[in-house]
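Visitor: Pasting model-v6.pdb here (PDB, C-alpha atoms):
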ATOM      1  CA  ASP P 956       1.747  76.088 -40.735
ATOM      2  CA  ASN P 957       3.882  74.839 -43.614
ATOM      3  CA  ALA P 958       0.914  73.957 -45.784
ATOM      4  CA  HIS P 959      -0.741  75.498 -48.765
ATOM      5  CA  ALA P 960      -4.123  76.947 -47.873
ATOM      6  CA  HIS P 961      -6.755  76.003 -50.391
ATOM      7  CA  ALA P 962     -10.068  77.670 -50.965
ATOM      8  CA  GLY P 963     -12.083  74.598 -51.909
ATOM      9  CA  THR P 964     -15.312  74.777 -53.850
ATOM     10  CA  SER P 965     -18.183  72.689 -52.627
ATOM     11  CA  SER P 966     -20.673  71.342 -55.111
ATOM     12  CA  GLY P 967     -23.749  70.692 -53.052
ATOM     13  CA  SER P 968     -26.882  69.546 -54.870
ATOM     14  CA  SER P 969     -29.663  72.098 -54.975
ATOM     15  CA  GLY P 970     -32.418  69.726 -56.015
ATOM     16  CA  ALA P 971     -33.310  66.044 -55.883
ATOM     17  CA  ASP P 972     -32.446  65.539 -59.556
ATOM     18  CA  THR P 973     -29.075  67.291 -59.422
ATOM     19  CA  PRO P 974     -26.250  64.728 -59.536
ATOM     20  CA  VAL P 975     -23.775  65.022 -56.686
ATOM     21  CA  ALA P 976     -20.377  66.150 -57.966
ATOM     22  CA  MET P 977     -17.848  63.371 -57.442
ATOM     23  CA  ALA P 978     -14.638  64.478 -55.756
ATOM     24  CA  ARG P 979     -11.441  63.987 -57.752
ATOM     25  CA  HIS P 980      -8.130  63.920 -55.911
ATOM     26  CA  LEU P 981      -4.609  63.270 -57.207
ATOM     27  CA  VAL P 982      -2.105  62.523 -54.427
ATOM     28  CA  PHE P 983       1.625  62.447 -55.143
ATOM     29  CA  ASP P 984       4.333  61.065 -52.951
ATOM     30  CA  TYR P 985       7.426  63.223 -53.580
ATOM     31  CA  ASP P 986      10.738  61.323 -53.597
ATOM     32  CA  TRP P 987      10.972  58.801 -56.470
ATOM     33  CA  SER P 988       7.364  59.635 -57.473
ATOM     34  CA  LEU P 989       6.784  63.282 -58.367
ATOM     35  CA  ILE P 990      10.584  63.659 -58.665
ATOM     36  CA  ASN P 991      13.102  61.011 -59.712
ATOM     37  CA  CYS P 992      15.461  60.884 -56.732
ATOM     38  CA  ASN P 993      15.538  60.948 -52.948
ATOM     39  CA  SER P 994      15.763  64.689 -52.213
ATOM     40  CA  ASP P 995      17.179  64.070 -48.719
ATOM     41  CA  TYR P 996      20.163  62.240 -50.230
ATOM     42  CA  TYR P 997      20.438  64.395 -53.339
ATOM     43  CA  VAL P 998      21.068  67.678 -51.528
ATOM     44  CA  PHE P 999      23.973  66.251 -49.508
ATOM     45  CA  GLU P1000      25.453  64.306 -52.434
ATOM     46  CA  GLU P1001      25.531  67.536 -54.429
ATOM     47  CA  LEU P1002      26.573  70.058 -51.762
ATOM     48  CA  ALA P1003      28.300  68.245 -48.865
ATOM     49  CA  PRO P1004      29.522  64.688 -49.643
ATOM     50  CA  ASP P1005      30.848  64.263 -46.095
ATOM     51  CA  ALA P1006      27.385  64.990 -44.722
ATOM     52  CA  TYR P1007      26.016  62.428 -47.185
ATOM     53  CA  ASP P1008      28.484  59.862 -45.809
ATOM     54  CA  TYR P1009      27.255  60.764 -42.315
ATOM     55  CA  VAL P1010      23.653  60.104 -43.384
ATOM     56  CA  GLN P1011      24.623  56.726 -44.855
ATOM     57  CA  ARG P1012      26.490  55.622 -41.716
ATOM     58  CA  GLN P1013      23.869  56.846 -39.275
ATOM     59  CA  THR P1014      20.939  55.392 -41.224
ATOM     60  CA  ALA P1015      22.546  51.957 -41.001
ATOM     61  CA  ALA P1016      23.275  52.364 -37.274
ATOM     62  CA  ARG P1017      19.991  54.013 -36.201
ATOM     63  CA  PRO P1018      17.000  52.506 -37.986
ATOM     64  CA  GLY P1019      13.788  54.468 -37.487
ATOM     65  CA  GLU P1020      15.582  57.776 -36.855
ATOM     66  CA  PHE P1021      15.865  59.048 -40.426
ATOM     67  CA  ASN P1022      14.249  62.435 -39.718
ATOM     68  CA  ALA P1023      16.639  63.182 -36.870
ATOM     69  CA  ILE P1024      19.611  62.090 -38.999
ATOM     70  CA  ILE P1025      18.655  64.420 -41.865
ATOM     71  CA  ASP P1026      18.219  67.260 -39.366
ATOM     72  CA  GLU P1027      21.716  66.567 -37.963
ATOM     73  CA  ALA P1028      23.173  66.401 -41.485
ATOM     74  CA  LEU P1029      21.611  69.771 -42.331
ATOM     75  CA  VAL P1030      23.348  71.318 -39.322
ATOM     76  CA  LEU P1031      26.620  69.585 -40.284
ATOM     77  CA  ALA P1032      26.446  70.828 -43.890
ATOM     78  CA  GLN P1033      25.708  74.412 -42.851
ATOM     79  CA  SER P1034      28.069  74.664 -39.854
ATOM     80  CA  GLU P1035      31.076  72.603 -40.993
ATOM     81  CA  TYR P1036      30.913  72.974 -44.782
ATOM     82  CA  ASP P1037      29.418  76.479 -45.068
ATOM     83  CA  VAL P1038      26.510  75.366 -47.215
ATOM     84  CA  THR P1039      23.947  78.180 -47.329
ATOM     85  CA  LYS P1040      20.176  78.021 -47.317
ATOM     86  CA  GLU P1041      20.172  79.586 -50.794
ATOM     87  CA  GLN P1042      22.532  76.884 -52.112
ATOM     88  CA  ILE P1043      20.190  74.261 -50.658
ATOM     89  CA  ARG P1044      17.188  75.951 -52.295
ATOM     90  CA  LYS P1045      18.891  76.123 -55.700
ATOM     91  CA  CYS P1046      19.975  72.495 -55.488
ATOM     92  CA  LEU P1047      16.484  71.313 -54.557
ATOM     93  CA  ALA P1048      14.902  73.455 -57.275
ATOM     94  CA  SER P1049      16.774  71.430 -59.909
ATOM     95  CA  VAL P1050      16.217  67.843 -58.736
ATOM     96  CA  PRO P1051      15.838  65.224 -61.495
ATOM     97  CA  VAL P1052      12.283  64.563 -62.680
ATOM     98  CA  LEU P1053      10.917  61.966 -65.078
ATOM     99  CA  GLU P1054       9.955  63.638 -68.338
ATOM    100  CA  GLY P1055       6.201  64.223 -68.382
ATOM    101  CA  MET P1056       5.544  64.059 -64.616
ATOM    102  CA  ILE P1057       5.179  67.833 -64.209
ATOM    103  CA  ALA P1058       2.899  67.938 -67.253
ATOM    104  CA  THR P1059       0.742  65.223 -65.670
ATOM    105  CA  LEU P1060       0.254  67.293 -62.511
ATOM    106  CA  LYS P1061      -0.485  70.459 -64.505
ATOM    107  CA  GLU P1062      -2.979  68.715 -66.785
ATOM    108  CA  ALA P1063      -4.910  67.235 -63.859
ATOM    109  CA  ALA P1064      -5.008  70.561 -62.004
ATOM    110  CA  ALA P1065      -6.177  72.381 -65.146
ATOM    111  CA  ALA P1066      -9.036  69.879 -65.428
ATOM    112  CA  GLY P1067     -10.207  70.700 -61.903
ATOM    113  CA  VAL P1068      -8.665  67.729 -60.109
ATOM    114  CA  THR P1069      -7.487  68.642 -56.589
ATOM    115  CA  VAL P1070      -3.759  67.888 -56.250
ATOM    116  CA  HIS P1071      -2.003  67.023 -52.969
ATOM    117  CA  VAL P1072       1.590  66.151 -52.075
ATOM    118  CA  VAL P1073       2.064  63.849 -49.060
ATOM    119  CA  SER P1074       5.705  63.128 -48.324
ATOM    120  CA  ASP P1075       8.290  62.132 -45.736
ATOM    121  CA  ALA P1076      10.691  64.735 -47.172
ATOM    122  CA  SER P1077      10.304  68.272 -45.771
ATOM    123  CA  TYR P1078       8.526  71.518 -46.554
ATOM    124  CA  PHE P1079      11.527  73.581 -47.682
ATOM    125  CA  PHE P1080      12.884  70.735 -49.814
ATOM    126  CA  ILE P1081       9.589  70.206 -51.646
ATOM    127  CA  ASN P1082       8.510  73.835 -51.847
ATOM    128  CA  SER P1083      11.831  74.852 -53.453
ATOM    129  CA  PHE P1084      10.985  72.538 -56.345
ATOM    130  CA  LEU P1085       7.272  73.438 -56.522
ATOM    131  CA  ASP P1086       8.098  77.150 -56.611
ATOM    132  CA  GLU P1087      10.779  76.702 -59.280
ATOM    133  CA  GLU P1088       8.381  74.768 -61.522
ATOM    134  CA  GLU P1089       5.473  77.145 -60.745
ATOM    135  CA  LEU P1090       3.478  74.271 -59.273
ATOM    136  CA  SER P1091       2.788  75.749 -55.827
ATOM    137  CA  PRO P1092      -0.522  77.392 -56.832
ATOM    138  CA  LEU P1093      -1.672  74.055 -58.265
ATOM    139  CA  VAL P1094      -1.034  72.035 -55.093
ATOM    140  CA  ALA P1095      -3.928  72.352 -52.666
ATOM    141  CA  ASN P1096      -2.181  70.680 -49.730
ATOM    142  CA  LEU P1097       1.438  69.872 -48.950
ATOM    143  CA  CYS P1098       1.656  67.494 -45.979
ATOM    144  CA  THR P1099       5.235  66.785 -44.956
ATOM    145  CA  ASN P1100       7.810  67.274 -42.208
ATOM    146  CA  LYS P1101       8.172  70.875 -41.079
ATOM    147  CA  SER P1102      11.064  73.198 -41.957
ATOM    148  CA  TYR P1103      12.263  76.046 -39.757
ATOM    149  CA  LEU P1104      15.266  78.296 -39.129
ATOM    150  CA  ASP P1105      16.982  77.841 -35.769
ATOM    151  CA  GLU P1106      18.613  80.587 -33.679
ATOM    152  CA  SER P1107      21.827  80.248 -35.733
ATOM    153  CA  GLY P1108      19.884  80.812 -38.946
ATOM    154  CA  PHE P1109      20.353  77.191 -40.003
ATOM    155  CA  LEU P1110      17.655  75.401 -41.973
ATOM    156  CA  ARG P1111      16.315  72.553 -39.828
ATOM    157  CA  LEU P1112      13.462  70.090 -39.891
ATOM    158  CA  ARG P1113      11.064  68.696 -37.345
ATOM    159  CA  PRO P1114       8.668  65.785 -37.762
ATOM    160  CA  TYR P1115       5.121  66.160 -39.085
ATOM    161  CA  TRP P1116       4.062  64.402 -35.873
ATOM    162  CA  SER P1117       6.168  64.846 -32.785
ATOM    163  CA  GLY P1118       7.120  61.904 -30.570
ATOM    164  CA  GLU P1119       5.052  63.352 -27.716
ATOM    165  CA  GLU P1120       1.930  62.959 -29.820
ATOM    166  CA  PRO P1121       2.195  59.512 -31.468
ATOM    167  CA  HIS P1122      -0.130  58.689 -34.339
ATOM    168  CA  GLY P1123      -0.436  55.098 -33.102
ATOM    169  CA  CYS P1124      -0.142  53.368 -36.487
ATOM    170  CA  GLU P1125       1.928  50.200 -36.509
ATOM    171  CA  LEU P1126       2.382  50.348 -40.294
ATOM    172  CA  CYS P1127       4.154  53.730 -40.367
ATOM    173  CA  PRO P1128       7.330  55.459 -39.147
ATOM    174  CA  PRO P1129       6.768  57.505 -35.962
ATOM    175  CA  ASN P1130       6.924  60.924 -37.653
ATOM    176  CA  LEU P1131       4.341  60.429 -40.407
ATOM    177  CA  CYS P1132       1.316  58.188 -41.037
ATOM    178  CA  LYS P1133       0.186  58.860 -44.600
ATOM    179  CA  GLY P1134      -3.010  56.880 -44.042
ATOM    180  CA  ARG P1135      -4.011  59.202 -41.237
ATOM    181  CA  VAL P1136      -3.114  62.213 -43.393
ATOM    182  CA  LEU P1137      -5.519  61.018 -46.108
ATOM    183  CA  CYS P1138      -8.311  60.104 -43.686
ATOM    184  CA  ASP P1139      -8.094  62.609 -40.840
ATOM    185  CA  ASP P1140      -6.092  65.637 -41.996
ATOM    186  CA  LEU P1141      -7.284  65.903 -45.608
ATOM    187  CA  LYS P1142     -10.523  63.907 -45.114
ATOM    188  CA  LEU P1143     -10.289  62.659 -48.707
ATOM    189  CA  LEU P1144     -12.216  59.482 -47.941
ATOM    190  CA  ASP P1145     -15.238  61.264 -46.487
ATOM    191  CA  GLU P1146     -16.895  61.952 -49.837
ATOM    192  CA  PRO P1147     -17.723  59.816 -52.873
ATOM    193  CA  GLY P1148     -15.355  60.085 -55.784
ATOM    194  CA  THR P1149     -11.946  58.940 -56.969
ATOM    195  CA  ILE P1150      -8.492  59.255 -55.458
ATOM    196  CA  VAL P1151      -5.459  58.500 -57.625
ATOM    197  CA  TYR P1152      -2.404  57.950 -55.417
ATOM    198  CA  VAL P1153       1.079  57.938 -56.980
ATOM    199  CA  GLY P1154       3.710  56.267 -54.780
ATOM    200  CA  ASP P1155       6.737  54.032 -54.638
ATOM    201  CA  GLY P1156       7.954  53.417 -51.093
ATOM    202  CA  SER P1157       7.102  51.416 -48.003
ATOM    203  CA  GLY P1158       5.888  54.650 -46.387
ATOM    204  CA  ASP P1159       3.042  54.768 -48.918
ATOM    205  CA  PHE P1160       1.684  51.377 -47.843
ATOM    206  CA  CYS P1161      -0.640  52.547 -45.056
ATOM    207  CA  ALA P1162      -2.249  55.108 -47.374
ATOM    208  CA  ALA P1163      -2.573  52.368 -50.013
ATOM    209  CA  THR P1164      -4.546  50.165 -47.600
ATOM    210  CA  ARG P1165      -6.998  53.008 -46.856
ATOM    211  CA  LEU P1166      -7.964  53.531 -50.499
ATOM    212  CA  ARG P1167     -11.344  52.246 -51.701
ATOM    213  CA  ALA P1168     -12.277  50.045 -54.645
ATOM    214  CA  SER P1169     -13.200  53.244 -56.540
ATOM    215  CA  ASP P1170      -9.637  54.563 -56.150
ATOM    216  CA  VAL P1171      -6.482  53.902 -58.173
ATOM    217  CA  LEU P1172      -3.049  53.163 -56.698
ATOM    218  CA  LEU P1173      -0.137  53.868 -59.049
ATOM    219  CA  VAL P1174       2.801  51.801 -57.797
ATOM    220  CA  ARG P1175       6.291  52.410 -59.156
ATOM    221  CA  ASP P1176       7.741  49.076 -60.242
ATOM    222  CA  ASP P1177      11.000  49.562 -62.097
ATOM    223  CA  PRO P1178      13.737  46.945 -61.596
ATOM    224  CA  ASP P1179      16.274  49.553 -62.783
ATOM    225  CA  THR P1180      15.379  51.717 -59.761
ATOM    226  CA  PRO P1181      15.437  49.204 -56.876
ATOM    227  CA  SER P1182      15.306  51.893 -54.150
ATOM    228  CA  ALA P1183      11.881  52.890 -55.506
ATOM    229  CA  ARG P1184      10.287  49.448 -55.136
ATOM    230  CA  GLY P1185       9.470  49.450 -51.425
ATOM    231  CA  LEU P1186       5.736  49.737 -52.011
ATOM    232  CA  VAL P1187       5.455  46.956 -54.586
ATOM    233  CA  ARG P1188       7.440  44.644 -52.298
ATOM    234  CA  ARG P1189       5.380  45.500 -49.233
ATOM    235  CA  ILE P1190       2.051  44.998 -50.999
ATOM    236  CA  ALA P1191       3.205  41.515 -52.009
ATOM    237  CA  ARG P1192       4.487  40.732 -48.529
ATOM    238  CA  GLU P1193       1.459  41.946 -46.559
ATOM    239  CA  SER P1194      -1.386  41.215 -48.975
ATOM    240  CA  THR P1195      -3.056  38.744 -46.600
ATOM    241  CA  ARG P1196      -2.966  40.834 -43.416
ATOM    242  CA  HIS P1197      -3.421  44.255 -45.039
ATOM    243  CA  PRO P1198      -5.037  43.896 -48.470
ATOM    244  CA  VAL P1199      -5.188  46.774 -50.935
ATOM    245  CA  ARG P1200      -8.715  47.291 -52.313
ATOM    246  CA  ALA P1201      -7.909  49.965 -54.876
ATOM    247  CA  GLN P1202      -7.188  49.178 -58.504
ATOM    248  CA  VAL P1203      -3.386  48.785 -58.694
ATOM    249  CA  VAL P1204      -1.502  50.042 -61.753
ATOM    250  CA  HIS P1205       2.263  49.507 -61.966
ATOM    251  CA  TRP P1206       4.367  52.204 -63.615
ATOM    252  CA  LYS P1207       7.917  52.906 -64.758
ATOM    253  CA  SER P1208       7.482  56.084 -66.801
ATOM    254  CA  ALA P1209       5.649  59.375 -66.356
ATOM    255  CA  GLY P1210       3.758  58.536 -69.548
ATOM    256  CA  GLN P1211       2.223  55.529 -67.820
ATOM    257  CA  VAL P1212       1.248  57.706 -64.855
ATOM    258  CA  GLN P1213      -0.297  60.288 -67.181
ATOM    259  CA  ALA P1214      -2.295  57.637 -69.054
ATOM    260  CA  ALA P1215      -3.643  56.177 -65.791
ATOM    261  CA  VAL P1216      -4.551  59.634 -64.439
ATOM    262  CA  ARG P1217      -6.376  60.498 -67.682
ATOM    263  CA  LYS P1218      -8.275  57.223 -67.582
ATOM    264  CA  ALA P1219      -9.273  57.523 -63.912
ATOM    265  CA  PHE P1220     -10.526  61.095 -64.237
ATOM    266  CA  HIS P1221     -11.858  60.769 -67.824
ATOM    267  CA  LEU P1222      -9.537  63.479 -69.134
ATOM    268  CA  ALA P1223      -9.181  63.950 -72.886
ATOM    269  CA  ALA P1224      -5.676  63.206 -74.138
TER
END
Represent the structure from my file as C-alpha cells, please.
Guide:
Amino acid sequence: DNAHAHAGTSSGSSGADTPVAMARHLVFDYDWSLINCNSDYYVFEELAPDAYDYVQRQTAARPGEFNAIIDEALVLAQSEYDVTKEQIRKCLASVPVLEGMIATLKEAAAAGVTVHVVSDASYFFINSFLDEEELSPLVANLCTNKSYLDESGFLRLRPYWSGEEPHGCELCPPNLCKGRVLCDDLKLLDEPGTIVYVGDGSGDFCAATRLRASDVLLVRDDPDTPSARGLVRRIARESTRHPVRAQVVHWKSAGQVQAAVRKAFHLAA
C-alpha cells in the first residue's frame, strides 16, 4: 500500500566465530533534505498560484491541518484551474535538488546500505521524483502520506495515520510520527548497526530523539534557507526534556552530507 516492497537479505551468523553483520540504514527526509524545496508548495507555485495563495492563507488560519489543506488545494487546482495529474507528475519530477544529493543516495545504495525515505509529503509527489531520477529501485521503503484518485479522477492525499487511529506521540503532527515509523514500522532500531538520518524540519525531531549513540543525525543548518532550520531550532529548544543521543553533524551542502555518509558507513571516496 503505497510503499516499496523490499526483499531484505538477512546475515545470520552460522558459527560462534562469525561476526554478526551490522545493519546500515540511510534515512532521508524529503522536502528540504533529499530535494531542495517544499514539494507541497512548489507544485502549486508552479501550476496554480491561486491554489498556492489558498494554502498560505489556510495554513495561517488552521494550524495542525496542513495535510487537509494540501488535499483541498489539490482539488482546487484540478477542478478550478484544470491542472492535470500528468502536469503535477512532470512538475514534481523536476523539483530543485542540491547538486550531489542524488549521487550520495546512489553511492550508499551501491555499497549495500539500505535506503529509506520518511516524509510528510505524499506518495505521488515523492515517487514522481524517484521514478524520474531512477531512484525507486534503490529505495527500500517509502513511508509518507498516501495518494489516491477519487471518483472524479482527481489526485488526492490521505494521512499516513488516520485521525481515528492516533499514534499518541506528543512530539509529532497527528498524521505522521517519524519516530514510530523508525521504531515500529521499519524496526530499524531492533538490530545493532548504524542509522544515518538526513533531516531539516521540526517533524524530524521525534525520529532524532529515538536514534542511538551509534547513529548519526545530519541536521540542515543553513541561515540562507530559514524554512529548513526547524530541526536545528527544536533540538536547541528541547535539549533538556528530549535529548538527542546520536552524533549530530550540521550541513549546508550535499557534499557535506556525502562526506558524513561515507564516514559513517566507511565508504571509499
Visitor: Give me the result of the PyMOL selection byres ((chain P and resi 1152) around 12) on this file, residue by residue, as a compact mmCIF listing (two decimals) with C-alpha atoms, in the frame of the given file.
Guide:
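Contents of the output file part11.txt:
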# COMPACT_ATOMS: atom_id res chain seq x y z
CA ARG P 979 -11.44 63.99 -57.75
CA HIS P 980 -8.13 63.92 -55.91
CA LEU P 981 -4.61 63.27 -57.21
CA VAL P 982 -2.10 62.52 -54.43
CA PHE P 983 1.62 62.45 -55.14
CA ASP P 984 4.33 61.06 -52.95
CA TYR P 985 7.43 63.22 -53.58
CA SER P 988 7.36 59.64 -57.47
CA LEU P 989 6.78 63.28 -58.37
CA THR P 1069 -7.49 68.64 -56.59
CA VAL P 1070 -3.76 67.89 -56.25
CA HIS P 1071 -2.00 67.02 -52.97
CA VAL P 1072 1.59 66.15 -52.08
CA VAL P 1073 2.06 63.85 -49.06
CA SER P 1074 5.70 63.13 -48.32
CA LYS P 1133 0.19 58.86 -44.60
CA GLY P 1134 -3.01 56.88 -44.04
CA LEU P 1137 -5.52 61.02 -46.11
CA LEU P 1143 -10.29 62.66 -48.71
CA THR P 1149 -11.95 58.94 -56.97
CA ILE P 1150 -8.49 59.26 -55.46
CA VAL P 1151 -5.46 58.50 -57.62
CA VAL P 1153 1.08 57.94 -56.98
CA GLY P 1154 3.71 56.27 -54.78
CA ASP P 1155 6.74 54.03 -54.64
CA ASP P 1159 3.04 54.77 -48.92
CA PHE P 1160 1.68 51.38 -47.84
CA CYS P 1161 -0.64 52.55 -45.06
CA ALA P 1162 -2.25 55.11 -47.37
CA ALA P 1163 -2.57 52.37 -50.01
CA THR P 1164 -4.55 50.16 -47.60
CA ARG P 1165 -7.00 53.01 -46.86
CA LEU P 1166 -7.96 53.53 -50.50
CA ARG P 1167 -11.34 52.25 -51.70
CA SER P 1169 -13.20 53.24 -56.54
CA ASP P 1170 -9.64 54.56 -56.15
CA VAL P 1171 -6.48 53.90 -58.17
CA LEU P 1172 -3.05 53.16 -56.70
CA LEU P 1173 -0.14 53.87 -59.05
CA VAL P 1174 2.80 51.80 -57.80
CA ARG P 1175 6.29 52.41 -59.16
CA ALA P 1201 -7.91 49.96 -54.88
CA GLN P 1202 -7.19 49.18 -58.50
CA VAL P 1203 -3.39 48.78 -58.69
CA VAL P 1204 -1.50 50.04 -61.75
CA HIS P 1205 2.26 49.51 -61.97
CA VAL P 1212 1.25 57.71 -64.86
CA ALA P 1215 -3.64 56.18 -65.79
CA VAL P 1216 -4.55 59.63 -64.44
CA ALA P 1219 -9.27 57.52 -63.91
Visitor: If you measure from CA of Gln1013 in chain P to CA of Asn1082 in chain P, what distance in Å do you get, rounded to one decimal?
Guide: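 Going from CA of Gln1013 in chain P over to CA of Asn1082 in chain P covers 26.1 Å.
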Visitor: May I have the protein, DNA and RNA residues with an atom at most 12 Å from (14.2, 50.5, -58.5), counting all atoms listed in the file in the file's coordinates, returned as a list of chain:residue names?
Guide: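 Applying the cut-off with all atoms listed in the file, one gets P:Trp987, P:Ser988, P:Asn991, P:Cys992, P:Asn993, P:Asp1155, P:Gly1156, P:Val1174, P:Arg1175, P:Asp1176, P:Asp1177, P:Pro1178, P:Asp1179, P:Thr1180, P:Pro1181, P:Ser1182, P:Ala1183, P:Arg1184, P:Gly1185, P:Leu1186, P:Val1187, P:Arg1188, P:Trp1206, P:Lys1207.
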Visitor: List every protein, DNA or RNA residue that has at least one atom no more than 7 Å from (10.1, 73.1, -36.3) in the file's coordinates, counting only C-alpha atoms, and write the result as JSON, numbers by chain.
Guide: {"P": [1101, 1102, 1103, 1112, 1113]}
Visitor: One number please: CA of Ala1028 in chain P to CA of Glu1001 in chain P, in Å, one decimal.
Guide: 13.2 Å
Visitor: Which of these, P:Ile1081, P:Val1010, P:Val1068, P:Leu1222, has the shortest distance to Gly1148 in chain P once you count all atoms listed in the file?
Guide: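 Closest to Gly1148 in chain P, using all atoms listed in the file: P:Val1068.
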Visitor: Might I get the box with edges along x, y and z of the file that holds all atoms of range 1082-1085 of chain P listed there, padded by 6 Å on every side, given as centre and edge lengths in Å to one decimal, as JSON?
Guide:
{"center_x": 9.6, "center_y": 73.7, "center_z": -54.2, "size_x": 16.6, "size_y": 14.3, "size_z": 16.7}
Visitor: Measure the distance from CA of Glu1020 in chain P to CA of Ser1049 in chain P in Å and round it to one decimal.
Guide: 26.8 Å
Visitor: Looking at P:Pro1004, P:Pro1114, P:Gly1210, P:Pro1198, which one is nearest to Asp1075 in chain P, with distances taken over all atoms listed in the file?
Guide: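 Closest candidate: P:Pro1114.
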Visitor: Could you please fill out range 1046-1053 of chain P with all heavy atoms and send it back as a tab-separated table (two decimals), in the frame of the given file?
Guide:
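The result, written out as result01.tsv:
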chain	number	residue	atom	x	y	z
P	1046	CYS	N	19.74	73.92	-55.23
P	1046	CYS	CA	19.98	72.50	-55.49
P	1046	CYS	C	18.64	71.76	-55.56
P	1046	CYS	O	18.40	70.97	-56.49
P	1046	CYS	CB	20.86	71.92	-54.39
P	1046	CYS	SG	21.14	70.14	-54.53
P	1047	LEU	N	17.77	72.02	-54.62
P	1047	LEU	CA	16.48	71.31	-54.56
P	1047	LEU	C	15.53	71.75	-55.67
P	1047	LEU	O	14.64	71.00	-56.07
P	1047	LEU	CB	15.84	71.55	-53.19
P	1047	LEU	CG	16.59	70.91	-52.02
P	1047	LEU	CD1	16.14	71.53	-50.72
P	1047	LEU	CD2	16.39	69.40	-52.02
P	1048	ALA	N	15.75	72.96	-56.18
P	1048	ALA	CA	14.90	73.46	-57.28
P	1048	ALA	C	15.20	72.73	-58.58
P	1048	ALA	O	14.39	72.75	-59.50
P	1048	ALA	CB	15.11	74.96	-57.45
P	1049	SER	N	16.37	72.06	-58.65
P	1049	SER	CA	16.77	71.43	-59.91
P	1049	SER	C	16.94	69.92	-59.77
P	1049	SER	O	17.78	69.32	-60.45
P	1049	SER	CB	18.09	72.06	-60.39
P	1049	SER	OG	19.11	71.87	-59.42
P	1050	VAL	N	16.14	69.31	-58.90
P	1050	VAL	CA	16.22	67.84	-58.74
P	1050	VAL	C	15.77	67.15	-60.02
P	1050	VAL	O	14.98	67.70	-60.80
P	1050	VAL	CB	15.33	67.35	-57.56
P	1050	VAL	CG1	15.92	67.75	-56.23
P	1050	VAL	CG2	13.90	67.84	-57.70
P	1051	PRO	N	16.28	65.94	-60.29
P	1051	PRO	CA	15.84	65.22	-61.50
P	1051	PRO	C	14.37	64.83	-61.43
P	1051	PRO	O	13.85	64.49	-60.36
P	1051	PRO	CB	16.73	63.98	-61.53
P	1051	PRO	CG	17.49	63.94	-60.25
P	1051	PRO	CD	17.32	65.23	-59.55
P	1052	VAL	N	13.70	64.90	-62.56
P	1052	VAL	CA	12.28	64.56	-62.68
P	1052	VAL	C	12.10	63.73	-63.94
P	1052	VAL	O	12.74	64.00	-64.96
P	1052	VAL	CB	11.40	65.84	-62.82
P	1052	VAL	CG1	9.94	65.50	-62.62
P	1052	VAL	CG2	11.84	66.92	-61.87
P	1053	LEU	N	11.23	62.73	-63.87
P	1053	LEU	CA	10.92	61.97	-65.08
P	1053	LEU	C	10.17	62.86	-66.06
P	1053	LEU	O	9.25	63.59	-65.67
P	1053	LEU	CB	10.06	60.74	-64.74
P	1053	LEU	CG	10.76	59.60	-64.01
P	1053	LEU	CD1	9.73	58.55	-63.60
P	1053	LEU	CD2	11.84	58.97	-64.88
